[in-house]
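What's in input10.csv: CSV, C-alpha atoms
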chain,number,residue,atom,x,y,z
A,716,MET,CA,11.4,208.7,184.3
A,717,THR,CA,10.2,207.8,187.8
A,718,ASN,CA,9.4,210.9,189.8
A,719,SER,CA,11.3,210.8,193.1
A,720,SER,CA,9.4,213.8,194.6
A,721,ASN,CA,6.7,213.2,197.2
A,722,ARG,CA,8.2,209.8,198.0
A,723,THR,CA,6.9,208.0,201.0
A,724,ASP,CA,9.9,205.8,201.9
A,725,PRO,CA,9.8,203.9,205.2
A,726,VAL,CA,12.8,201.7,204.4
A,727,SER,CA,15.5,204.3,203.6
A,728,GLU,CA,16.7,204.7,207.2
A,729,GLU,CA,18.9,201.9,208.5
A,730,ALA,CA,17.8,202.7,212.0
A,731,GLU,CA,14.4,201.3,211.1
A,732,GLY,CA,15.9,197.8,210.7
A,733,PRO,CA,16.8,195.6,207.9
A,734,VAL,CA,14.3,194.5,205.2
A,735,LEU,CA,13.9,191.1,203.5
A,736,VAL,CA,13.7,190.6,199.8
A,737,THR,CA,12.8,187.0,198.9
A,738,GLY,CA,14.3,185.6,195.6
A,739,GLY,CA,16.8,188.4,195.8
A,740,ASN,CA,18.7,187.5,192.7
A,741,GLY,CA,15.7,187.5,190.4
A,742,TYR,CA,15.2,189.9,187.5
A,743,VAL,CA,12.8,192.3,189.4
A,744,ALA,CA,14.3,191.6,192.8
A,745,SER,CA,17.8,192.5,191.8
A,746,TRP,CA,16.7,196.0,190.9
A,747,LEU,CA,14.7,196.2,194.1
A,748,VAL,CA,17.8,195.2,196.1
A,749,LYS,CA,19.8,197.9,194.2
A,750,THR,CA,17.2,200.5,194.9
A,751,LEU,CA,17.1,199.7,198.6
A,752,LEU,CA,20.9,199.5,198.9
A,753,ASP,CA,21.3,202.8,197.1
A,754,ARG,CA,19.1,204.4,199.8
A,755,GLY,CA,21.2,203.1,202.6
A,756,THR,CA,19.0,200.2,203.6
A,757,THR,CA,20.3,197.0,205.1
A,758,VAL,CA,18.9,194.2,202.9
A,759,HIS,CA,18.5,190.6,203.8
A,760,ALA,CA,18.1,188.7,200.5
A,761,THR,CA,17.2,185.0,200.2
A,762,VAL,CA,18.6,182.9,197.4
A,763,ARG,CA,18.8,179.2,196.7
A,764,ASP,CA,22.6,179.0,196.7
A,765,ALA,CA,24.4,182.0,198.3
A,766,GLY,CA,27.8,180.5,197.2
A,767,ASP,CA,27.0,180.5,193.4
A,768,PRO,CA,28.8,183.5,191.9
A,769,ARG,CA,26.8,183.3,188.7
A,770,ARG,CA,23.6,183.9,190.6
A,771,THR,CA,24.8,186.2,193.4
A,772,GLY,CA,27.9,188.0,192.1
A,773,HIS,CA,26.0,190.9,190.8
A,774,LEU,CA,24.3,191.4,194.1
A,775,ARG,CA,27.6,191.5,195.9
A,776,ARG,CA,29.0,194.0,193.4
A,777,LEU,CA,25.9,196.2,193.9
A,778,ALA,CA,26.5,196.2,197.7
A,779,ASP,CA,30.2,197.1,197.2
A,780,ARG,CA,29.1,200.3,195.5
A,781,ALA,CA,26.2,201.3,197.7
A,782,PRO,CA,25.8,202.8,201.2
A,783,GLY,CA,23.4,200.0,202.3
A,784,ARG,CA,24.5,196.6,203.5
A,785,LEU,CA,23.6,193.2,202.1
A,786,ARG,CA,23.4,189.8,203.7
A,787,LEU,CA,22.5,186.7,201.7
A,788,PHE,CA,20.6,183.8,203.2
A,789,GLU,CA,19.6,180.5,201.6
A,790,ALA,CA,15.9,179.6,201.7
A,791,GLU,CA,13.4,177.5,199.7
A,792,LEU,CA,9.8,178.5,199.1
A,793,MET,CA,8.4,175.2,200.1
A,794,ASP,CA,10.3,175.3,203.5
A,795,GLY,CA,8.8,178.0,205.7
A,796,ALA,CA,11.3,177.5,208.4
A,797,SER,CA,14.2,178.3,206.0
A,798,PHE,CA,13.1,182.0,206.1
A,799,ASP,CA,13.3,182.4,209.9
A,800,ALA,CA,17.0,183.4,210.0
A,801,ALA,CA,16.7,185.9,207.2
A,802,LEU,CA,13.7,187.5,208.8
A,803,SER,CA,15.4,188.1,212.1
A,804,GLY,CA,15.0,191.8,213.0
A,805,CYS,CA,13.4,192.7,209.7
A,806,THR,CA,10.8,195.4,209.7
A,807,ALA,CA,9.5,194.9,206.2
A,808,VAL,CA,9.3,192.0,203.7
A,809,PHE,CA,9.3,192.2,199.9
A,810,HIS,CA,8.1,188.8,198.7
A,811,THR,CA,9.1,188.7,195.1
A,812,ALA,CA,10.1,185.0,194.8
A,813,SER,CA,7.7,183.1,192.5
A,814,PRO,CA,8.1,181.0,189.3
A,815,PHE,CA,7.6,183.0,186.1
A,816,VAL,CA,7.4,180.3,183.6
A,817,VAL,CA,4.9,180.1,180.7
A,818,ARG,CA,6.6,177.8,178.1
A,819,GLY,CA,7.3,174.2,178.6
A,820,VAL,CA,5.3,173.6,181.8
A,821,SER,CA,4.6,169.9,182.1
A,822,ASP,CA,3.3,169.9,185.7
A,823,PRO,CA,1.5,173.2,186.5
A,824,MET,CA,0.8,172.2,190.1
A,825,ARG,CA,4.4,171.3,190.9
A,826,GLU,CA,6.2,173.9,188.8
A,827,LEU,CA,3.9,177.0,189.3
A,828,ILE,CA,0.9,176.7,191.5
A,829,ALA,CA,2.3,175.1,194.7
A,830,PRO,CA,5.5,177.3,194.8
A,831,ALA,CA,3.5,180.5,194.2
A,832,ARG,CA,0.6,179.8,196.6
A,833,ASP,CA,2.3,177.7,199.3
A,834,GLY,CA,5.5,179.7,199.1
A,835,THR,CA,3.5,182.9,199.8
A,836,ARG,CA,1.9,181.2,202.7
A,837,ASN,CA,5.2,180.0,204.1
A,838,VAL,CA,6.9,183.5,203.8
A,839,LEU,CA,4.0,185.4,205.3
A,840,GLU,CA,3.6,183.0,208.2
A,841,ALA,CA,7.3,183.3,208.8
A,842,ALA,CA,6.9,187.0,208.8
A,843,GLY,CA,4.3,186.7,211.6
A,844,ARG,CA,6.7,184.5,213.6
A,845,ALA,CA,9.5,187.1,213.3
A,846,GLY,CA,7.5,189.6,215.4
A,847,SER,CA,9.4,192.6,214.1
A,848,VAL,CA,7.7,192.8,210.7
A,849,THR,CA,5.2,195.6,210.3
A,850,ARG,CA,4.8,195.7,206.5
A,851,VAL,CA,4.7,193.0,203.8
A,852,VAL,CA,4.8,194.0,200.1
A,853,LEU,CA,3.8,191.2,197.7
A,854,THR,CA,4.9,191.0,194.1
A,855,SER,CA,1.7,189.9,192.4
A,856,SER,CA,0.9,190.6,188.7
A,857,VAL,CA,-1.8,191.8,186.4
A,858,ALA,CA,-2.2,188.1,185.9
A,859,ALA,CA,-4.2,188.2,189.1
A,860,VAL,CA,-6.3,191.0,187.7
A,861,TYR,CA,-7.4,189.3,184.5
A,862,GLY,CA,-7.0,185.9,182.8
A,863,ASP,CA,-7.6,186.6,179.1
A,864,ALA,CA,-7.7,189.7,177.0
A,865,ALA,CA,-11.3,188.8,176.2
A,866,ASP,CA,-12.2,189.5,179.8
A,867,LEU,CA,-11.9,193.2,179.0
A,868,ARG,CA,-15.4,193.0,177.5
A,869,ASP,CA,-16.8,192.4,181.0
A,870,THR,CA,-15.4,195.6,182.4
A,871,ALA,CA,-17.6,198.7,182.8
A,872,ALA,CA,-14.9,201.3,181.7
A,873,GLY,CA,-13.0,199.2,179.2
A,874,ARG,CA,-10.0,199.0,181.4
A,875,PHE,CA,-8.7,196.6,184.0
A,876,ASP,CA,-8.3,198.1,187.5
A,877,GLU,CA,-7.6,197.0,191.0
A,878,SER,CA,-11.2,196.0,191.6
A,879,HIS,CA,-10.9,193.2,189.0
A,880,TRP,CA,-9.8,189.6,189.7
A,881,ASN,CA,-8.9,186.8,187.4
A,882,HIS,CA,-11.8,184.4,187.3
A,883,THR,CA,-11.0,182.6,184.1
A,884,SER,CA,-7.6,180.9,184.6
A,885,SER,CA,-7.1,177.4,185.9
A,886,ALA,CA,-4.4,174.7,186.2
A,887,ARG,CA,-5.2,173.8,182.6
A,888,HIS,CA,-5.7,177.2,181.1
A,889,GLN,CA,-3.2,180.0,181.8
A,890,PRO,CA,-1.6,178.1,184.8
A,891,TYR,CA,0.9,180.9,185.4
A,892,PHE,CA,-2.0,183.4,185.7
A,893,TYR,CA,-3.8,181.0,187.9
A,894,SER,CA,-0.8,180.7,190.2
A,895,LYS,CA,-0.4,184.4,190.7
A,896,THR,CA,-4.1,184.7,191.4
A,897,LEU,CA,-4.0,182.0,194.1
A,898,ALA,CA,-0.9,183.5,195.6
A,899,GLU,CA,-2.3,186.9,196.0
A,900,ARG,CA,-5.6,185.7,197.4
A,901,THR,CA,-3.7,183.6,199.9
A,902,ALA,CA,-1.8,186.7,200.9
A,903,TRP,CA,-5.0,188.8,201.5
A,904,GLU,CA,-6.5,185.9,203.5
A,905,ILE,CA,-3.5,185.6,205.8
A,906,ALA,CA,-3.3,189.4,206.2
A,907,GLU,CA,-6.9,189.6,207.3
A,908,ARG,CA,-6.4,186.9,210.0
A,909,GLN,CA,-3.6,188.8,211.8
A,910,ASP,CA,-2.7,192.3,213.0
A,911,ARG,CA,1.1,192.2,213.3
A,912,TRP,CA,1.7,193.6,209.8
A,913,THR,CA,-0.1,195.3,207.0
A,914,LEU,CA,-0.1,194.1,203.4
A,915,ALA,CA,0.5,196.1,200.2
A,916,VAL,CA,0.4,194.5,196.7
A,917,VAL,CA,2.0,195.6,193.5
A,918,ASN,CA,0.5,194.2,190.2
A,919,PRO,CA,3.1,194.8,187.5
A,920,GLY,CA,2.3,194.2,183.8
A,921,PHE,CA,4.8,192.6,181.5
A,922,VAL,CA,8.2,193.8,182.9
A,923,THR,CA,10.9,194.9,180.5
A,924,GLY,CA,14.1,196.8,180.9
A,925,PRO,CA,17.8,195.9,181.4
A,926,ALA,CA,18.6,193.0,183.7
A,927,LEU,CA,21.4,193.5,186.3
A,928,SER,CA,22.8,190.0,185.6
A,929,PRO,CA,23.4,188.3,182.3
A,930,HIS,CA,22.1,185.1,184.0
A,931,ALA,CA,18.6,186.6,184.7
A,932,THR,CA,15.8,184.2,183.7
A,933,SER,CA,12.2,185.1,183.3
A,934,GLU,CA,9.5,185.1,180.6
A,935,SER,CA,10.2,188.8,180.1
A,936,VAL,CA,13.8,188.2,179.3
A,937,ALA,CA,12.9,185.4,177.0
A,938,LEU,CA,10.4,187.4,175.0
A,939,VAL,CA,12.8,190.3,174.4
A,940,ARG,CA,15.5,187.9,173.4
A,941,ASP,CA,13.0,186.2,170.9
A,942,PHE,CA,12.8,189.5,169.0
A,943,GLY,CA,16.5,189.1,168.0
A,944,SER,CA,16.7,185.3,167.8
A,945,GLY,CA,14.4,184.9,164.8
A,946,ARG,CA,11.4,183.4,166.6
A,947,TYR,CA,9.2,186.1,165.2
A,948,ARG,CA,10.9,186.3,161.8
A,949,MET,CA,7.7,185.4,160.0
A,950,GLY,CA,5.5,187.7,162.1
A,951,VAL,CA,3.8,188.0,165.5
A,952,PRO,CA,0.3,187.3,166.7
A,953,ALA,CA,-2.0,190.3,167.3
A,954,LEU,CA,-1.3,190.4,171.1
A,955,ASP,CA,-1.4,193.4,173.3
A,956,VAL,CA,0.9,193.6,176.4
A,957,GLY,CA,0.7,196.0,179.3
A,958,VAL,CA,4.4,197.0,179.6
A,959,VAL,CA,6.3,198.4,182.6
A,960,ASP,CA,10.0,199.1,183.2
A,961,VAL,CA,11.8,196.9,185.7
A,962,ARG,CA,13.3,200.0,187.3
A,963,ASP,CA,9.9,201.5,187.8
A,964,VAL,CA,8.6,198.2,189.3
A,965,ALA,CA,11.4,198.3,191.9
A,966,GLU,CA,10.5,201.9,192.7
A,967,GLY,CA,6.9,200.9,193.0
A,968,HIS,CA,7.7,198.3,195.6
A,969,VAL,CA,9.6,200.7,197.8
A,970,ARG,CA,6.7,203.3,197.5
A,971,ALA,CA,4.1,200.6,198.3
A,972,ALA,CA,6.0,200.0,201.6
A,973,GLY,CA,5.0,203.5,202.6
A,974,GLY,CA,1.8,204.6,204.3
A,975,GLY,CA,0.0,205.3,201.0
A,976,GLY,CA,0.3,201.7,199.9
A,977,ALA,CA,-1.2,199.9,202.9
A,978,GLY,CA,-4.1,197.6,202.3
A,979,ALA,CA,-4.3,198.1,198.6
A,980,ARG,CA,-3.4,196.6,195.2
A,981,HIS,CA,-1.5,198.8,192.7
A,982,ILE,CA,-1.4,198.1,189.0
A,983,LEU,CA,2.0,199.1,187.6
A,984,VAL,CA,1.6,199.5,183.8
A,985,ALA,CA,3.1,202.3,181.8
A,986,GLU,CA,1.2,201.6,178.6
A,987,THR,CA,-0.1,198.9,176.3
A,988,LEU,CA,2.0,197.9,173.3
A,989,SER,CA,1.4,195.2,170.7
A,990,LEU,CA,4.1,192.7,169.9
A,991,LEU,CA,4.3,194.3,166.4
A,992,GLU,CA,4.8,197.8,168.0
A,993,MET,CA,7.6,196.4,170.1
A,994,GLY,CA,9.2,195.0,167.0
A,995,ARG,CA,8.9,198.4,165.2
A,996,SER,CA,10.5,200.2,168.1
A,997,LEU,CA,13.4,197.8,168.0
A,998,ARG,CA,13.8,198.2,164.2
A,999,ALA,CA,13.7,202.0,164.5
A,1000,ARG,CA,16.6,201.8,167.0
A,1001,PHE,CA,18.7,198.8,165.8
A,1002,GLY,CA,17.9,198.7,162.1
A,1003,ASN,CA,17.9,195.5,160.1
A,1004,ARG,CA,20.6,193.5,161.8
A,1005,TYR,CA,18.0,191.4,163.5
A,1006,PRO,CA,14.9,189.6,162.2
A,1007,PHE,CA,12.4,191.9,163.9
A,1008,PRO,CA,8.8,191.1,162.9
A,1009,ARG,CA,7.2,193.2,160.1
A,1010,ILE,CA,3.7,191.7,160.0
A,1011,THR,CA,0.9,190.4,162.2
A,1012,VAL,CA,0.1,186.8,161.6
A,1013,PRO,CA,-3.6,186.1,160.9
A,1014,LYS,CA,-5.5,184.6,163.8
A,1015,PRO,CA,-6.4,181.4,161.9
A,1016,VAL,CA,-2.7,180.8,161.2
A,1017,CYS,CA,-2.0,181.3,164.9
A,1018,ALA,CA,-4.6,178.7,165.8
A,1019,LEU,CA,-3.1,176.3,163.2
A,1020,VAL,CA,0.5,176.5,164.6
A,1021,ALA,CA,-0.4,176.9,168.3
A,1022,PRO,CA,0.2,173.3,169.2
A,1023,PHE,CA,3.7,173.5,167.7
A,1024,LEU,CA,4.6,176.6,169.7
A,1025,GLY,CA,3.5,175.2,173.0
A,1026,THR,CA,0.3,177.2,173.4
A,1027,THR,CA,-3.4,176.2,173.1
A,1028,LEU,CA,-6.3,177.0,170.9
A,1029,LYS,CA,-8.2,178.4,173.8
A,1030,PHE,CA,-5.4,180.9,174.5
A,1031,VAL,CA,-5.5,182.0,170.8
A,1032,SER,CA,-9.2,182.2,170.8
A,1033,ARG,CA,-9.4,184.4,174.0
A,1034,ASN,CA,-6.3,186.6,173.5
A,1035,VAL,CA,-5.2,187.1,169.9
A,1036,GLY,CA,-6.9,190.1,168.4
A,1037,TYR,CA,-8.3,191.5,171.6
A,1038,PRO,CA,-7.2,194.8,173.1
A,1039,VAL,CA,-5.8,195.1,176.6
A,1040,ARG,CA,-6.1,198.3,178.6
A,1041,PHE,CA,-5.2,199.2,182.2
A,1042,ASP,CA,-6.0,201.9,184.7
A,1043,ASN,CA,-2.9,202.9,186.6
A,1044,GLN,CA,-4.4,205.9,188.4
A,1045,ARG,CA,-4.0,204.4,191.9
A,1046,ALA,CA,-0.2,203.9,191.4
A,1047,ARG,CA,0.1,207.5,190.1
A,1048,GLN,CA,-2.0,209.1,192.8
A,1049,SER,CA,-1.3,206.9,195.9
A,1050,LEU,CA,2.3,206.1,195.2
A,1051,GLY,CA,3.2,209.2,193.2
A,1052,MET,CA,4.5,207.0,190.3
A,1053,THR,CA,5.3,208.1,186.8
A,1054,PHE,CA,6.6,205.6,184.2
A,1055,ARG,CA,9.2,205.3,181.5
A,1056,ARG,CA,7.9,204.8,178.0
A,1057,GLY,CA,7.3,201.2,177.1
A,1058,ALA,CA,9.2,201.4,173.9
A,1059,ASP,CA,12.3,202.9,175.7
A,1060,SER,CA,12.2,200.1,178.2
A,1061,VAL,CA,12.1,197.4,175.4
A,1062,ILE,CA,15.0,199.1,173.6
A,1063,ASP,CA,17.1,199.4,176.9
A,1064,HIS,CA,16.4,195.7,177.5
A,1065,PHE,CA,17.5,194.7,174.0
A,1066,GLN,CA,20.7,196.8,174.4
A,1067,GLN,CA,21.5,195.1,177.7
A,1068,LEU,CA,21.2,191.7,175.9
A,1069,LEU,CA,23.7,192.9,173.3
A,1070,ASP,CA,26.1,194.4,175.8
A,1071,ASP,CA,26.1,191.1,177.8
A,1072,GLY,CA,26.8,189.1,174.6
A,1073,LEU,CA,23.4,187.3,174.8
A,1074,LEU,CA,22.5,188.2,171.2
A,1075,SER,CA,24.5,188.4,168.0
A,1076,SER,CA,23.6,189.8,164.6
A,1077,ARG,CA,25.3,186.8,162.9
A,1078,ASP,CA,22.9,184.6,161.0
A,1079,SER,CA,20.0,186.9,161.6
A,1080,GLY,CA,19.2,186.7,157.9
A,1081,ASP,CA,17.5,190.1,157.8
A,1082,ARG,CA,19.3,192.6,155.7
A,1083,ARG,CA,16.3,194.2,154.0
A,1084,ALA,CA,15.7,197.9,154.1
A,1085,PRO,CA,12.9,199.1,156.3
Will you turn the file into structure tokens for me?
Amino acid sequence: MTNSSNRTDPVSEEAEGPVLVTGGNGYVASWLVKTLLDRGTTVHATVRDAGDPRRTGHLRRLADRAPGRLRLFEAELMDGASFDAALSGCTAVFHTASPFVVRGVSDPMRELIAPARDGTRNVLEAAGRAGSVTRVVLTSSVAAVYGDAADLRDTAAGRFDESHWNHTSSARHQPYFYSKTLAERTAWEIAERQDRWTLAVVNPGFVTGPALSPHATSESVALVRDFGSGRYRMGVPALDVGVVDVRDVAEGHVRAAGGGGAGARHILVAETLSLLEMGRSLRARFGNRYPFPRITVPKPVCALVAPFLGTTLKFVSRNVGYPVRFDNQRARQSLGMTFRRGADSVIDHFQQLLDDGLLSSRDSGDRRAP
């Protein structure tokens, strides 16, 4: 569980002014909005369509049950001026809005890179125009820390930490990782050119845990759903993932807005799990109603089927079979973070998908004893 003691929380007092959360109906952002509202904060949240109940209804319900107040504003990442109204009077900005798409990307520049990089520039420049903003917290990713698992060989301590940067991704290889790297570098460059606000960055790993809306979309949601849909029925590649719970990521954002987070990156990873370990944890909790993976697929087979699964031979070569490890000491020490167990987070996420009717045991085809 997240430790709430020793919390440095500059956004819990309504008197300090409202705060902005961009992409406020996103998977991570929704939990951030809830965390802030529960602490009595006035939250300005930007969304694409404030009148869409499928995308914003859960935020309105959260506000109805919380002491904080919520205002929704419509904004687009590629239109910097669209954030001006939402930023009026805000003292802090949590910039979470950025595409998280790995599969089926046909135009990386249009779908990933431009919205992440240029959207970050637009929001941060709008924060400067607002005049009232003193802190910006950027949702980056461990994708900006490393590009491929094979990069771990180049680290001195055998772990990725905040001193490392992704130097191996590009628009053609790991474009999502590349987009997050460019976005974070853009944020630091803008921060260094001005003195109105200070920047703090959080770098979550693979985020799991229950979504607050059944309509949440992200690669995290898709992966956990894949465990129950049969995508991994025949096995999973030997891939390690740095896992962190979405509720801890929301807490990490709030803590990063405090004095201890200024001018620094913060890796938010609870632990590393392999895809097979995730499947085993799910089977231990939910039994054999779902086709959870039982084996690791050999790397040559992964390479053979890669083109049919929408991935590349280079990805398989540089990631399958390599360990991934992270150093989360800065988050523990500077932000006072502790983390939920990765397996518990995956289980909670799968249960949410069941509760929301997004998975069914019908036709799972897996009735074997463990």
Open item on the list: Between A:Val959, A:Ala760, A:Leu897, A:Val808, which residue has the minimum interatomic distance to A:His882, considering all atoms listed in the file?
Closed with: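 Answer, going by the shortest atom-to-atom distance: A:Leu897.
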Open item on the list: If I take atom CA of A:Arg995 and atom CA of A:Gln1066, how far is one from the other in Å, to one decimal?
Closed with: 15.0 Å
Task: Interatomic distance, atom CA of A:Glu934 to atom CA of A:Gly978 (Å, one decimal) - done: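 Atom-to-atom, atom CA of A:Glu934 and atom CA of A:Gly978 are spaced 28.5 Å apart.
Across A:Pro890, A:Pro830, A:Gly1036, A:Pro782, the tightest approach to A:Thr750 is made by A:Pro782 when counting only C-alpha atoms.
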Task: Of the listed residues A:Met793, A:Cys1017, A:Met1052, A:Ala865, that which approaches A:Asp955 most closely, counting only C-alpha atoms - done: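 Closest to A:Asp955, using only C-alpha atoms: A:Ala865.
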Open item on the list: Around (0.9, 188.2, 191.9), as given in the file, which residues come within 8 Å? Count only C-alpha atoms and list them as a list in words.
Closed with: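 Answer for this query, in the requested form: Leu853, Thr854, Ser855, Ser856, Val857, Ala858, Ala859, Ser894, Lys895, Thr896, Ala898, Glu899, Val916, Val917 and Asn918 of chain A.
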Open item on the list: Given all atoms listed in the file as the basis, pick out the residue of A:Asp764, A:Asn837, A:Trp880, A:Val748 nearest to A:Arg776.
Closed with: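 That would be A:Val748, the residue with the smallest distance to A:Arg776.
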Open item on the list: Quick check, in Å to one decimal: how far apart do atom CA of A:Ala1046 and atom CA of A:His981 lie?
Closed with: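 Interatomic distance here is 5.4 Å.
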TODO: Excluding A:Leu988 and any residue of its chain fewer than 6 positions from it, enumerate the residues within 7 Å of it, using only C-alpha atoms, and give them as a PyMOL selection string.
DONE: chain A and resi 955-958
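If all atoms listed in the file are the atoms counted, then among A:Met993, A:Met824, A:Leu735, A:Leu983 the closest residue to A:Tyr891 is A:Met824.
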Task: Shortest interatomic distance to A:Asp767 - which of A:Asn740, A:Asn1043, A:Thr1011, A:Thr901, counting all atoms listed in the file - done: A:Asn740
Residues near A:His1064, anyone? I mean within 12 Å using all atoms listed in the file, not counting same-chain ones fewer than 5 positions away, as a CSV table (one decimal) with C-alpha atoms, keeping the file's coordinate frame.
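After the write, selection24.csv holds the following:
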chain,number,residue,atom,x,y,z
A,742,TYR,CA,15.2,189.9,187.5
A,922,VAL,CA,8.2,193.8,182.9
A,923,THR,CA,10.9,194.9,180.5
A,924,GLY,CA,14.1,196.8,180.9
A,925,PRO,CA,17.8,195.9,181.4
A,926,ALA,CA,18.6,193.0,183.7
A,927,LEU,CA,21.4,193.5,186.3
A,928,SER,CA,22.8,190.0,185.6
A,929,PRO,CA,23.4,188.3,182.3
A,931,ALA,CA,18.6,186.6,184.7
A,935,SER,CA,10.2,188.8,180.1
A,936,VAL,CA,13.8,188.2,179.3
A,937,ALA,CA,12.9,185.4,177.0
A,938,LEU,CA,10.4,187.4,175.0
A,939,VAL,CA,12.8,190.3,174.4
A,940,ARG,CA,15.5,187.9,173.4
A,942,PHE,CA,12.8,189.5,169.0
A,943,GLY,CA,16.5,189.1,168.0
A,959,VAL,CA,6.3,198.4,182.6
A,960,ASP,CA,10.0,199.1,183.2
A,961,VAL,CA,11.8,196.9,185.7
A,962,ARG,CA,13.3,200.0,187.3
A,993,MET,CA,7.6,196.4,170.1
A,996,SER,CA,10.5,200.2,168.1
A,997,LEU,CA,13.4,197.8,168.0
A,1057,GLY,CA,7.3,201.2,177.1
A,1058,ALA,CA,9.2,201.4,173.9
A,1059,ASP,CA,12.3,202.9,175.7
A,1069,LEU,CA,23.7,192.9,173.3
A,1070,ASP,CA,26.1,194.4,175.8
A,1071,ASP,CA,26.1,191.1,177.8
A,1073,LEU,CA,23.4,187.3,174.8
A,1074,LEU,CA,22.5,188.2,171.2
Please tell me which residues are no farther than 12 Å from (-11.7, 182.7, 172.1) in the file, counting only C-alpha atoms, and write them as a PDB file with C-alpha atoms, in the coordinates of the input.
ATOM      1  CA  ASP A 863      -7.600 186.600 179.100  1.00  0.00           C
ATOM      2  CA  ALA A 864      -7.700 189.700 177.000  1.00  0.00           C
ATOM      3  CA  ALA A 865     -11.300 188.800 176.200  1.00  0.00           C
ATOM      4  CA  ASP A 866     -12.200 189.500 179.800  1.00  0.00           C
ATOM      5  CA  LYS A1014      -5.500 184.600 163.800  1.00  0.00           C
ATOM      6  CA  PRO A1015      -6.400 181.400 161.900  1.00  0.00           C
ATOM      7  CA  ALA A1018      -4.600 178.700 165.800  1.00  0.00           C
ATOM      8  CA  THR A1027      -3.400 176.200 173.100  1.00  0.00           C
ATOM      9  CA  LEU A1028      -6.300 177.000 170.900  1.00  0.00           C
ATOM     10  CA  LYS A1029      -8.200 178.400 173.800  1.00  0.00           C
ATOM     11  CA  PHE A1030      -5.400 180.900 174.500  1.00  0.00           C
ATOM     12  CA  VAL A1031      -5.500 182.000 170.800  1.00  0.00           C
ATOM     13  CA  SER A1032      -9.200 182.200 170.800  1.00  0.00           C
ATOM     14  CA  ARG A1033      -9.400 184.400 174.000  1.00  0.00           C
ATOM     15  CA  ASN A1034      -6.300 186.600 173.500  1.00  0.00           C
ATOM     16  CA  VAL A1035      -5.200 187.100 169.900  1.00  0.00           C
ATOM     17  CA  GLY A1036      -6.900 190.100 168.400  1.00  0.00           C
ATOM     18  CA  TYR A1037      -8.300 191.500 171.600  1.00  0.00           C
TER      19      TYR A1037
END
Task: 7 Å contact set for A:Thr913, only C-alpha atoms, chain neighbours under 5 positions out, as a list in words - done: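 These residues fall inside the cut-off: Thr849, Arg850, Val851, Ala906, Ala977 and Gly978 of chain A.
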